[in-house]
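Dumped run-v7.csv below, it's CSV, N, CA and C atoms:
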chain,number,residue,atom,x,y,z
A,27,MET,N,-1.7,-19.8,18.8
A,27,MET,CA,-2.6,-18.8,18.5
A,27,MET,C,-2.4,-17.6,19.4
A,28,LYS,N,-2.1,-17.9,20.7
A,28,LYS,CA,-1.8,-16.8,21.6
A,28,LYS,C,-0.6,-16.0,21.2
A,29,ASN,N,0.4,-16.7,20.7
A,29,ASN,CA,1.7,-16.1,20.3
A,29,ASN,C,1.4,-15.2,19.1
A,30,GLN,N,0.5,-15.5,18.2
A,30,GLN,CA,0.2,-14.7,17.0
A,30,GLN,C,-0.4,-13.4,17.5
A,31,TRP,N,-1.3,-13.4,18.5
A,31,TRP,CA,-2.0,-12.2,19.0
A,31,TRP,C,-0.9,-11.3,19.7
A,32,ILE,N,0.0,-11.9,20.4
A,32,ILE,CA,1.0,-11.1,21.1
A,32,ILE,C,1.9,-10.5,20.0
A,33,LEU,N,2.3,-11.2,19.0
A,33,LEU,CA,3.1,-10.6,17.9
A,33,LEU,C,2.3,-9.5,17.2
A,34,PHE,N,1.1,-9.7,16.9
A,34,PHE,CA,0.2,-8.7,16.2
A,34,PHE,C,0.1,-7.5,17.0
A,35,ALA,N,-0.2,-7.7,18.3
A,35,ALA,CA,-0.3,-6.5,19.3
A,35,ALA,C,1.0,-5.8,19.4
A,36,SER,N,2.1,-6.5,19.4
A,36,SER,CA,3.4,-5.9,19.5
A,36,SER,C,3.7,-5.0,18.3
A,37,ILE,N,3.4,-5.5,17.1
A,37,ILE,CA,3.6,-4.8,15.8
A,37,ILE,C,2.7,-3.5,15.9
A,38,ILE,N,1.5,-3.6,16.3
A,38,ILE,CA,0.6,-2.4,16.4
A,38,ILE,C,1.2,-1.4,17.4
A,39,VAL,N,1.6,-1.8,18.5
A,39,VAL,CA,2.1,-0.9,19.5
A,39,VAL,C,3.4,-0.2,19.0
A,40,LEU,N,4.3,-1.0,18.4
A,40,LEU,CA,5.5,-0.4,17.9
A,40,LEU,C,5.3,0.6,16.8
A,41,SER,N,4.3,0.3,15.9
A,41,SER,CA,3.9,1.2,14.9
A,41,SER,C,3.4,2.5,15.4
A,42,LEU,N,2.5,2.4,16.5
A,42,LEU,CA,2.0,3.6,17.1
A,42,LEU,C,3.1,4.4,17.8
A,43,ILE,N,4.0,3.8,18.4
A,43,ILE,CA,5.2,4.5,19.0
A,43,ILE,C,6.0,5.2,18.0
A,44,GLN,N,6.2,4.5,16.8
A,44,GLN,CA,7.0,5.1,15.8
A,44,GLN,C,6.3,6.3,15.2
A,45,LEU,N,5.0,6.3,15.0
A,45,LEU,CA,4.3,7.4,14.5
A,45,LEU,C,4.3,8.6,15.5
A,46,GLY,N,4.2,8.2,16.8
A,46,GLY,CA,4.3,9.3,17.8
A,46,GLY,C,5.6,9.9,17.9
A,47,CYS,N,6.7,9.3,17.5
A,47,CYS,CA,8.0,9.8,17.6
A,47,CYS,C,8.5,10.5,16.3
A,48,ARG,N,7.7,10.8,15.4
A,48,ARG,CA,8.1,11.4,14.2
A,48,ARG,C,8.7,12.8,14.5
A,49,ARG,N,9.8,13.1,13.8
A,49,ARG,CA,10.4,14.4,14.0
A,49,ARG,C,9.6,15.4,13.1
A,50,GLU,N,9.7,16.7,13.6
A,50,GLU,CA,8.9,17.7,12.9
A,50,GLU,C,9.4,17.9,11.5
A,51,LYS,N,10.6,17.7,11.2
A,51,LYS,CA,11.1,17.9,9.8
A,51,LYS,C,10.5,16.8,8.9
A,52,ASP,N,10.0,15.7,9.4
A,52,ASP,CA,9.4,14.7,8.6
A,52,ASP,C,8.1,15.1,8.1
A,53,VAL,N,7.5,16.1,8.7
A,53,VAL,CA,6.1,16.6,8.4
A,53,VAL,C,6.3,17.5,7.2
A,54,VAL,N,5.7,17.3,6.1
A,54,VAL,CA,5.8,18.1,4.9
A,54,VAL,C,4.7,19.2,5.0
A,55,PRO,N,5.1,20.5,5.0
A,55,PRO,CA,4.1,21.6,5.1
A,55,PRO,C,3.3,21.7,3.9
A,56,VAL,N,2.1,22.1,4.0
A,56,VAL,CA,1.2,22.3,2.9
A,56,VAL,C,1.5,23.7,2.3
A,57,PRO,N,1.8,23.8,1.1
A,57,PRO,CA,2.2,25.2,0.6
A,57,PRO,C,0.9,26.1,0.6
A,58,VAL,N,1.1,27.3,1.0
A,58,VAL,CA,0.1,28.3,1.1
A,58,VAL,C,0.2,29.2,-0.1
A,59,MET,N,-0.8,29.3,-0.9
A,59,MET,CA,-0.7,30.2,-2.1
A,59,MET,C,-1.0,31.7,-1.6
A,60,VAL,N,0.0,32.5,-1.9
A,60,VAL,CA,-0.2,33.9,-1.5
A,60,VAL,C,-0.4,34.8,-2.7
A,61,ASP,N,-1.4,35.6,-2.7
A,61,ASP,CA,-1.7,36.4,-3.9
A,61,ASP,C,-0.9,37.8,-3.7
A,62,TYR,N,0.1,38.1,-4.5
A,62,TYR,CA,0.9,39.2,-4.4
A,62,TYR,C,0.0,40.5,-4.4
A,63,ARG,N,-1.1,40.5,-5.0
A,63,ARG,CA,-2.0,41.7,-5.1
A,63,ARG,C,-2.6,42.0,-3.8
A,64,ASP,N,-2.7,41.1,-2.8
A,64,ASP,CA,-3.3,41.4,-1.5
A,64,ASP,C,-2.6,42.6,-0.9
A,65,ALA,N,-1.3,42.8,-1.1
A,65,ALA,CA,-0.5,43.9,-0.5
A,65,ALA,C,-0.9,45.2,-1.2
A,66,LEU,N,-1.5,45.2,-2.3
A,66,LEU,CA,-1.8,46.4,-3.1
A,66,LEU,C,-3.2,46.9,-2.9
A,67,VAL,N,-4.1,46.0,-2.5
A,67,VAL,CA,-5.5,46.3,-2.4
A,67,VAL,C,-5.7,47.3,-1.3
A,68,GLY,N,-6.6,48.3,-1.5
A,68,GLY,CA,-7.0,49.2,-0.5
A,68,GLY,C,-7.2,50.6,-1.0
A,69,LYS,N,-7.3,51.5,-0.1
A,69,LYS,CA,-7.6,52.9,-0.4
A,69,LYS,C,-6.2,53.7,-0.3
A,70,TYR,N,-5.9,54.5,-1.3
A,70,TYR,CA,-4.7,55.3,-1.3
A,70,TYR,C,-5.1,56.8,-1.3
A,71,MET,N,-4.5,57.6,-0.5
A,71,MET,CA,-4.7,59.0,-0.4
A,71,MET,C,-3.4,59.7,-0.9
A,72,GLY,N,-3.6,60.7,-1.7
A,72,GLY,CA,-2.5,61.4,-2.3
A,72,GLY,C,-2.8,62.7,-3.0
A,73,ILE,N,-1.9,63.0,-3.9
A,73,ILE,CA,-2.0,64.3,-4.7
A,73,ILE,C,-2.1,64.0,-6.1
A,74,ARG,N,-3.1,64.6,-6.8
A,74,ARG,CA,-3.3,64.5,-8.2
A,74,ARG,C,-3.0,65.8,-8.9
A,75,ASN,N,-2.3,65.8,-10.1
A,75,ASN,CA,-2.1,66.9,-10.9
A,75,ASN,C,-2.7,66.7,-12.2
A,76,ASP,N,-3.6,67.5,-12.6
A,76,ASP,CA,-4.3,67.5,-13.9
A,76,ASP,C,-3.8,68.6,-14.8
A,77,TYR,N,-3.5,68.4,-16.0
A,77,TYR,CA,-3.0,69.4,-16.9
A,77,TYR,C,-3.6,69.3,-18.3
A,78,SER,N,-3.9,70.4,-18.9
A,78,SER,CA,-4.4,70.4,-20.3
A,78,SER,C,-3.7,71.5,-21.1
A,79,SER,N,-3.4,71.2,-22.3
A,79,SER,CA,-2.8,72.3,-23.2
A,79,SER,C,-3.5,72.2,-24.5
A,80,GLY,N,-3.4,73.2,-25.3
A,80,GLY,CA,-4.0,73.3,-26.6
A,80,GLY,C,-5.0,74.5,-26.6
A,81,PRO,N,-6.0,74.4,-27.4
A,81,PRO,CA,-7.0,75.5,-27.4
A,81,PRO,C,-7.6,75.7,-26.1
A,82,PRO,N,-7.9,77.0,-25.7
A,82,PRO,CA,-8.5,77.2,-24.4
A,82,PRO,C,-9.8,76.5,-24.2
A,83,PRO,N,-10.2,76.2,-23.0
A,83,PRO,CA,-9.5,76.5,-21.7
A,83,PRO,C,-8.4,75.5,-21.4
A,84,ASN,N,-7.3,76.0,-21.0
A,84,ASN,CA,-6.2,75.2,-20.5
A,84,ASN,C,-6.3,75.2,-18.9
A,85,TYR,N,-5.7,74.2,-18.3
A,85,TYR,CA,-5.7,74.2,-16.9
A,85,TYR,C,-4.5,73.4,-16.4
A,86,ASP,N,-4.1,73.7,-15.2
A,86,ASP,CA,-3.1,73.0,-14.4
A,86,ASP,C,-3.5,73.0,-13.0
A,87,THR,N,-4.1,71.9,-12.5
A,87,THR,CA,-4.7,71.9,-11.2
A,87,THR,C,-4.1,70.8,-10.4
A,88,THR,N,-3.8,71.1,-9.1
A,88,THR,CA,-3.3,70.1,-8.2
A,88,THR,C,-4.2,70.0,-7.0
A,89,TYR,N,-4.6,68.8,-6.6
A,89,TYR,CA,-5.5,68.7,-5.5
A,89,TYR,C,-5.3,67.3,-4.8
A,90,THR,N,-5.9,67.1,-3.6
A,90,THR,CA,-5.8,65.8,-2.9
A,90,THR,C,-6.9,64.9,-3.5
A,91,ASP,N,-6.6,63.7,-3.6
A,91,ASP,CA,-7.6,62.7,-4.2
A,91,ASP,C,-7.3,61.3,-3.6
A,92,SER,N,-8.3,60.5,-3.7
A,92,SER,CA,-8.1,59.1,-3.3
A,92,SER,C,-8.4,58.1,-4.4
A,93,VAL,N,-7.8,57.0,-4.5
A,93,VAL,CA,-8.1,55.9,-5.4
A,93,VAL,C,-8.2,54.6,-4.6
A,94,ILE,N,-9.1,53.7,-5.2
A,94,ILE,CA,-9.3,52.5,-4.5
A,94,ILE,C,-8.8,51.4,-5.5
A,95,ILE,N,-8.0,50.5,-5.0
A,95,ILE,CA,-7.5,49.3,-5.7
A,95,ILE,C,-8.2,48.1,-5.3
A,96,THR,N,-8.7,47.3,-6.2
A,96,THR,CA,-9.4,46.0,-5.9
A,96,THR,C,-8.8,45.0,-6.9
A,97,LYS,N,-9.0,43.7,-6.5
A,97,LYS,CA,-8.5,42.6,-7.3
A,97,LYS,C,-9.6,42.2,-8.3
A,98,VAL,N,-9.1,41.7,-9.5
A,98,VAL,CA,-10.0,41.1,-10.4
A,98,VAL,C,-9.2,40.1,-11.3
A,99,ALA,N,-9.7,39.1,-11.7
A,99,ALA,CA,-9.0,38.0,-12.4
A,99,ALA,C,-7.8,37.6,-11.7
A,100,SER,N,-6.9,36.8,-12.4
A,100,SER,CA,-5.8,36.2,-11.7
A,100,SER,C,-4.6,37.1,-11.7
A,101,ASP,N,-4.5,38.1,-12.6
A,101,ASP,CA,-3.3,38.9,-12.7
A,101,ASP,C,-3.6,40.4,-12.9
A,102,SER,N,-4.8,40.8,-12.6
A,102,SER,CA,-5.3,42.2,-12.8
A,102,SER,C,-5.8,42.8,-11.5
A,103,ILE,N,-5.9,44.1,-11.6
A,103,ILE,CA,-6.5,44.9,-10.6
A,103,ILE,C,-7.4,46.0,-11.2
A,104,TYR,N,-8.2,46.5,-10.4
A,104,TYR,CA,-9.0,47.7,-10.8
A,104,TYR,C,-8.3,48.9,-10.2
A,105,LEU,N,-7.9,49.9,-10.9
A,105,LEU,CA,-7.5,51.2,-10.4
A,105,LEU,C,-8.7,52.1,-10.7
A,106,GLY,N,-9.5,52.3,-9.6
A,106,GLY,CA,-10.8,52.9,-9.8
A,106,GLY,C,-11.7,52.0,-10.6
A,107,LEU,N,-12.0,52.5,-11.8
A,107,LEU,CA,-12.9,51.7,-12.7
A,107,LEU,C,-12.1,51.1,-13.9
A,108,VAL,N,-10.8,51.3,-13.9
A,108,VAL,CA,-10.0,50.8,-15.0
A,108,VAL,C,-9.3,49.5,-14.7
A,109,LYS,N,-9.5,48.5,-15.5
A,109,LYS,CA,-8.8,47.2,-15.3
A,109,LYS,C,-7.4,47.2,-15.9
A,110,ILE,N,-6.4,46.8,-15.0
A,110,ILE,CA,-5.0,46.9,-15.4
A,110,ILE,C,-4.4,45.5,-15.1
A,111,LYS,N,-3.7,45.0,-16.1
A,111,LYS,CA,-2.9,43.8,-15.9
A,111,LYS,C,-1.6,44.1,-15.3
A,112,LEU,N,-1.2,43.5,-14.2
A,112,LEU,CA,0.1,43.8,-13.6
A,112,LEU,C,1.2,42.8,-13.9
A,113,GLU,N,2.4,43.3,-13.9
A,113,GLU,CA,3.6,42.4,-14.0
A,113,GLU,C,4.0,42.1,-12.6
A,114,GLN,N,3.9,40.9,-12.1
A,114,GLN,CA,4.2,40.5,-10.7
A,114,GLN,C,5.6,40.9,-10.3
A,115,SER,N,6.6,40.7,-11.2
A,115,SER,CA,7.9,40.9,-10.8
A,115,SER,C,8.3,42.4,-10.6
A,116,THR,N,7.6,43.3,-11.3
A,116,THR,CA,7.9,44.8,-11.1
A,116,THR,C,6.8,45.6,-10.5
A,117,LEU,N,5.6,45.0,-10.3
A,117,LEU,CA,4.4,45.6,-9.8
A,117,LEU,C,4.1,46.9,-10.6
A,118,THR,N,4.2,46.7,-11.9
A,118,THR,CA,3.8,47.8,-12.8
A,118,THR,C,2.8,47.3,-13.8
A,119,GLY,N,2.1,48.2,-14.4
A,119,GLY,CA,1.1,47.8,-15.4
A,119,GLY,C,0.6,49.0,-16.2
A,120,GLY,N,-0.2,48.8,-17.2
A,120,GLY,CA,-0.7,50.0,-17.9
A,120,GLY,C,-1.4,49.5,-19.2
A,121,TYR,N,-1.7,50.5,-20.0
A,121,TYR,CA,-2.3,50.1,-21.3
A,121,TYR,C,-2.1,51.3,-22.3
A,122,TYR,N,-2.2,50.9,-23.5
A,122,TYR,CA,-2.2,51.9,-24.6
A,122,TYR,C,-3.5,51.7,-25.4
A,123,ASN,N,-4.0,52.8,-25.8
A,123,ASN,CA,-5.3,52.7,-26.5
A,123,ASN,C,-5.2,53.6,-27.8
A,124,THR,N,-5.2,52.9,-28.9
A,124,THR,CA,-5.2,53.6,-30.2
A,124,THR,C,-4.1,54.6,-30.4
A,125,GLY,N,-3.0,54.5,-29.6
A,125,GLY,CA,-1.9,55.4,-29.8
A,125,GLY,C,-2.0,56.8,-29.2
A,126,THR,N,-3.2,57.1,-28.7
A,126,THR,CA,-3.4,58.5,-28.2
A,126,THR,C,-3.6,58.5,-26.7
A,127,ASN,N,-4.0,57.4,-26.1
A,127,ASN,CA,-4.3,57.3,-24.7
A,127,ASN,C,-3.2,56.3,-24.1
A,128,TYR,N,-2.7,56.7,-22.9
A,128,TYR,CA,-1.7,55.9,-22.2
A,128,TYR,C,-1.9,56.0,-20.7
A,129,LEU,N,-1.9,54.9,-20.1
A,129,LEU,CA,-2.0,54.8,-18.6
A,129,LEU,C,-0.9,53.9,-18.1
A,130,ASN,N,-0.2,54.4,-17.1
A,130,ASN,CA,0.9,53.6,-16.4
A,130,ASN,C,0.6,53.7,-14.9
A,131,VAL,N,0.8,52.6,-14.3
A,131,VAL,CA,0.7,52.5,-12.8
A,131,VAL,C,1.9,51.7,-12.3
A,132,ARG,N,2.4,52.2,-11.1
A,132,ARG,CA,3.6,51.6,-10.5
A,132,ARG,C,3.4,51.6,-9.0
A,133,PHE,N,3.6,50.4,-8.4
A,133,PHE,CA,3.5,50.3,-7.0
A,133,PHE,C,4.9,50.1,-6.4
A,134,PHE,N,5.2,50.7,-5.2
A,134,PHE,CA,6.4,50.5,-4.5
A,134,PHE,C,6.1,50.7,-3.0
A,135,ASN,N,6.6,49.7,-2.2
A,135,ASN,CA,6.3,49.7,-0.8
A,135,ASN,C,4.8,49.9,-0.5
A,136,ASP,N,4.4,50.9,0.1
A,136,ASP,CA,3.0,51.2,0.4
A,136,ASP,C,2.5,52.4,-0.4
A,137,SER,N,3.1,52.6,-1.6
A,137,SER,CA,2.8,53.8,-2.4
A,137,SER,C,2.4,53.4,-3.8
A,138,ILE,N,1.8,54.4,-4.5
A,138,ILE,CA,1.4,54.2,-5.9
A,138,ILE,C,1.7,55.4,-6.6
A,139,TYR,N,2.1,55.2,-7.9
A,139,TYR,CA,2.2,56.3,-8.8
A,139,TYR,C,1.5,56.0,-10.1
A,140,SER,N,0.7,56.8,-10.6
A,140,SER,CA,0.0,56.6,-11.9
A,140,SER,C,0.1,57.8,-12.7
A,141,SER,N,0.1,57.6,-14.0
A,141,SER,CA,0.1,58.7,-15.0
A,141,SER,C,-0.8,58.3,-16.1
A,142,TYR,N,-1.5,59.3,-16.6
A,142,TYR,CA,-2.4,59.1,-17.7
A,142,TYR,C,-2.2,60.3,-18.7
A,143,SER,N,-2.2,60.0,-19.9
A,143,SER,CA,-2.1,61.1,-20.9
A,143,SER,C,-2.9,60.7,-22.2
A,144,SER,N,-3.4,61.7,-22.8
A,144,SER,CA,-4.1,61.5,-24.1
A,144,SER,C,-3.9,62.8,-24.9
A,145,GLY,N,-4.2,62.7,-26.1
A,145,GLY,CA,-4.1,63.9,-26.9
A,145,GLY,C,-4.1,63.6,-28.4
A,146,GLY,N,-4.0,64.7,-29.1
A,146,GLY,CA,-3.9,64.6,-30.6
A,146,GLY,C,-4.6,65.8,-31.1
A,147,LEU,N,-4.2,66.2,-32.3
A,147,LEU,CA,-4.7,67.3,-33.1
A,147,LEU,C,-4.6,68.6,-32.3
A,148,GLY,N,-3.4,68.8,-31.7
A,148,GLY,CA,-3.1,70.1,-31.0
A,148,GLY,C,-3.6,70.2,-29.6
A,149,GLN,N,-4.1,69.2,-29.0
A,149,GLN,CA,-4.7,69.2,-27.6
A,149,GLN,C,-4.1,68.0,-26.9
A,150,SER,N,-3.8,68.2,-25.6
A,150,SER,CA,-3.4,67.1,-24.8
A,150,SER,C,-3.8,67.3,-23.3
A,151,GLN,N,-4.1,66.2,-22.7
A,151,GLN,CA,-4.4,66.2,-21.3
A,151,GLN,C,-3.5,65.1,-20.6
A,152,SER,N,-3.2,65.4,-19.3
A,152,SER,CA,-2.5,64.5,-18.5
A,152,SER,C,-2.9,64.6,-17.1
A,153,SER,N,-2.7,63.4,-16.4
A,153,SER,CA,-3.1,63.4,-15.0
A,153,SER,C,-2.0,62.5,-14.3
A,154,LYS,N,-1.5,63.0,-13.2
A,154,LYS,CA,-0.5,62.2,-12.5
A,154,LYS,C,-1.0,62.1,-11.0
A,155,TYR,N,-0.7,61.0,-10.4
A,155,TYR,CA,-1.2,60.7,-9.1
A,155,TYR,C,-0.1,60.1,-8.3
A,156,TRP,N,0.2,60.6,-7.1
A,156,TRP,CA,1.1,60.0,-6.1
A,156,TRP,C,0.3,59.8,-4.8
A,157,GLY,N,0.2,58.6,-4.4
A,157,GLY,CA,-0.5,58.3,-3.2
A,157,GLY,C,0.1,57.2,-2.3
A,158,LYS,N,-0.4,57.2,-1.0
A,158,LYS,CA,0.1,56.3,0.0
A,158,LYS,C,-1.1,55.5,0.5
A,159,ARG,N,-1.0,54.2,0.7
A,159,ARG,CA,-2.1,53.3,1.2
A,159,ARG,C,-2.4,53.7,2.6
A,160,GLU,N,-3.7,53.8,2.9
A,160,GLU,CA,-4.2,54.0,4.2
A,160,GLU,C,-4.1,52.7,5.0
A,161,GLN,N,-3.8,52.7,6.2
A,161,GLN,CA,-3.8,51.5,7.1
A,161,GLN,C,-5.1,51.2,7.6
Any chance you could put this one into structure tokens?
Amino acid sequence: MKNQWILFASIIVLSLIQLGCRREKDVVPVPVMVDYRDALVGKYMGIRNDYSSGPPPNYDTTYTDSVIITKVASDSIYLGLVKIKLEQSTLTGGYYNTGTNYLNVRFFNDSIYSSYSSGGLGQSQSSKYWGKREQ
């Protein structure tokens, strides 16, 4: 009976030693899910150009402006109040609405470019924005 306890204790000790001697490469890391949109979220400061043509009054105005990007759903962002689905591989997105409204947004590094246009029946409006994310 004493020999069985010695054998049992030896197996336990050897098992503990083996566990303590595991190499780091034997430990499987837990994958961390990274949301690519995290790098896009924030406030951007930049320049906006608004343009209108057609029946008066026409305008062409350039001014400084800011936009705020927030996340929504699993593949979309809000550009201000507009929800946009992004393509992860190109960091671009946009929408078309009834053939007369168009919005495009493009991210690169820490910058954003967006353009909006609408029109019809002899009148058109457009707005372009170039901005850089504030740190």
Top pick for closest residue to Ile138 (chain A), considering A:Val108, A:Ile37, A:Val98, A:Val93 and counting only C-alpha atoms: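 The answer is A:Val93, which sits nearest to Ile138 (chain A).
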Which of chain A fall in strand (DSSP E), as a PyMOL selection string: chain A and resi 68-79+85-98+102-105+108-113+118-123+127-134+137-146+149-159
Select from chain A everything DSSP, run on the backbone, classes as helix (DSSP H, G or I), then give the selection as a JSON list (two decimals) with N, CA and C atoms, in the coordinates of the input.
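File produced: part_6.json:
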[["chain", "number", "residue", "atom", "x", "y", "z"],
["A", 28, "LYS", "N", -2.10, -17.90, 20.70],
["A", 28, "LYS", "CA", -1.80, -16.80, 21.60],
["A", 28, "LYS", "C", -0.60, -16.00, 21.20],
["A", 29, "ASN", "N", 0.40, -16.70, 20.70],
["A", 29, "ASN", "CA", 1.70, -16.10, 20.30],
["A", 29, "ASN", "C", 1.40, -15.20, 19.10],
["A", 30, "GLN", "N", 0.50, -15.50, 18.20],
["A", 30, "GLN", "CA", 0.20, -14.70, 17.00],
["A", 30, "GLN", "C", -0.40, -13.40, 17.50],
["A", 31, "TRP", "N", -1.30, -13.40, 18.50],
["A", 31, "TRP", "CA", -2.00, -12.20, 19.00],
["A", 31, "TRP", "C", -0.90, -11.30, 19.70],
["A", 32, "ILE", "N", 0.00, -11.90, 20.40],
["A", 32, "ILE", "CA", 1.00, -11.10, 21.10],
["A", 32, "ILE", "C", 1.90, -10.50, 20.00],
["A", 33, "LEU", "N", 2.30, -11.20, 19.00],
["A", 33, "LEU", "CA", 3.10, -10.60, 17.90],
["A", 33, "LEU", "C", 2.30, -9.50, 17.20],
["A", 34, "PHE", "N", 1.10, -9.70, 16.90],
["A", 34, "PHE", "CA", 0.20, -8.70, 16.20],
["A", 34, "PHE", "C", 0.10, -7.50, 17.00],
["A", 35, "ALA", "N", -0.20, -7.70, 18.30],
["A", 35, "ALA", "CA", -0.30, -6.50, 19.30],
["A", 35, "ALA", "C", 1.00, -5.80, 19.40],
["A", 36, "SER", "N", 2.10, -6.50, 19.40],
["A", 36, "SER", "CA", 3.40, -5.90, 19.50],
["A", 36, "SER", "C", 3.70, -5.00, 18.30],
["A", 37, "ILE", "N", 3.40, -5.50, 17.10],
["A", 37, "ILE", "CA", 3.60, -4.80, 15.80],
["A", 37, "ILE", "C", 2.70, -3.50, 15.90],
["A", 38, "ILE", "N", 1.50, -3.60, 16.30],
["A", 38, "ILE", "CA", 0.60, -2.40, 16.40],
["A", 38, "ILE", "C", 1.20, -1.40, 17.40],
["A", 39, "VAL", "N", 1.60, -1.80, 18.50],
["A", 39, "VAL", "CA", 2.10, -0.90, 19.50],
["A", 39, "VAL", "C", 3.40, -0.20, 19.00],
["A", 40, "LEU", "N", 4.30, -1.00, 18.40],
["A", 40, "LEU", "CA", 5.50, -0.40, 17.90],
["A", 40, "LEU", "C", 5.30, 0.60, 16.80],
["A", 41, "SER", "N", 4.30, 0.30, 15.90],
["A", 41, "SER", "CA", 3.90, 1.20, 14.90],
["A", 41, "SER", "C", 3.40, 2.50, 15.40],
["A", 42, "LEU", "N", 2.50, 2.40, 16.50],
["A", 42, "LEU", "CA", 2.00, 3.60, 17.10],
["A", 42, "LEU", "C", 3.10, 4.40, 17.80],
["A", 43, "ILE", "N", 4.00, 3.80, 18.40],
["A", 43, "ILE", "CA", 5.20, 4.50, 19.00],
["A", 43, "ILE", "C", 6.00, 5.20, 18.00],
["A", 44, "GLN", "N", 6.20, 4.50, 16.80],
["A", 44, "GLN", "CA", 7.00, 5.10, 15.80],
["A", 44, "GLN", "C", 6.30, 6.30, 15.20],
["A", 45, "LEU", "N", 5.00, 6.30, 15.00],
["A", 45, "LEU", "CA", 4.30, 7.40, 14.50],
["A", 45, "LEU", "C", 4.30, 8.60, 15.50],
["A", 46, "GLY", "N", 4.20, 8.20, 16.80],
["A", 46, "GLY", "CA", 4.30, 9.30, 17.80],
["A", 46, "GLY", "C", 5.60, 9.90, 17.90],
["A", 50, "GLU", "N", 9.70, 16.70, 13.60],
["A", 50, "GLU", "CA", 8.90, 17.70, 12.90],
["A", 50, "GLU", "C", 9.40, 17.90, 11.50],
["A", 51, "LYS", "N", 10.60, 17.70, 11.20],
["A", 51, "LYS", "CA", 11.10, 17.90, 9.80],
["A", 51, "LYS", "C", 10.50, 16.80, 8.90],
["A", 52, "ASP", "N", 10.00, 15.70, 9.40],
["A", 52, "ASP", "CA", 9.40, 14.70, 8.60],
["A", 52, "ASP", "C", 8.10, 15.10, 8.10],
["A", 62, "TYR", "N", 0.10, 38.10, -4.50],
["A", 62, "TYR", "CA", 0.90, 39.20, -4.40],
["A", 62, "TYR", "C", 0.00, 40.50, -4.40],
["A", 63, "ARG", "N", -1.10, 40.50, -5.00],
["A", 63, "ARG", "CA", -2.00, 41.70, -5.10],
["A", 63, "ARG", "C", -2.60, 42.00, -3.80],
["A", 64, "ASP", "N", -2.70, 41.10, -2.80],
["A", 64, "ASP", "CA", -3.30, 41.40, -1.50],
["A", 64, "ASP", "C", -2.60, 42.60, -0.90],
["A", 65, "ALA", "N", -1.30, 42.80, -1.10],
["A", 65, "ALA", "CA", -0.50, 43.90, -0.50],
["A", 65, "ALA", "C", -0.90, 45.20, -1.20]]
Counting only C-alpha atoms, the residue of A:Val54, A:Arg63, A:Asn75, A:Tyr85 that sits nearest Ala99 (chain A):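 Checking each candidate against Ala99 (chain A), we get A:Arg63 as the closest.
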Among listed residues A:Gln151, A:Tyr70, A:Leu105, A:Gly157, nearest Ser137 (chain A) (using only N, CA and C atoms): A:Gly157
Atom N of Ser78 (chain A) to CA of Ser152 (chain A), straight-line distance in Å: 6.1 Å
Separation of CA of Arg132 (chain A) from CA of Lys158 (chain A), in Å and rounded to one decimal: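 It comes out at 12.0 Å.
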Option closest in space to Ser79 (chain A), from A:Gly119, A:Gly148, A:Pro55, A:Gly106 [counting all atoms listed in the file]: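 The answer is A:Gly148, which sits nearest to Ser79 (chain A).
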Atom C of Tyr155 (chain A) to CA of Pro81 (chain A), straight-line distance in Å: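 Calculated distance between CA of Pro81 (chain A) and atom C of Tyr155 (chain A) is 25.5 Å.
Residues surrounding Thr87 (chain A) within 6.5 Å are Arg74, Asn75, Asp76 and Tyr77 of chain A [all atoms listed in the file; sequence separation below 4 positions excluded].
With only C-alpha atoms taken into account, the protein and nucleic acid residues at most 12 Å from Ser115 (chain A) (excluding it and anything under 2 positions from it in its own chain) are Tyr62, Arg63, Asp101, Leu112, Glu113, Leu117, Thr118, Gly119, Arg132, Phe133 and Phe134 of chain A.
Proximity to Trp156 (chain A) was assessed for A:Ser36, A:Asn84, A:Ser102, A:Ser92 counting only C-alpha atoms; the smallest distance is recorded for A:Ser92.
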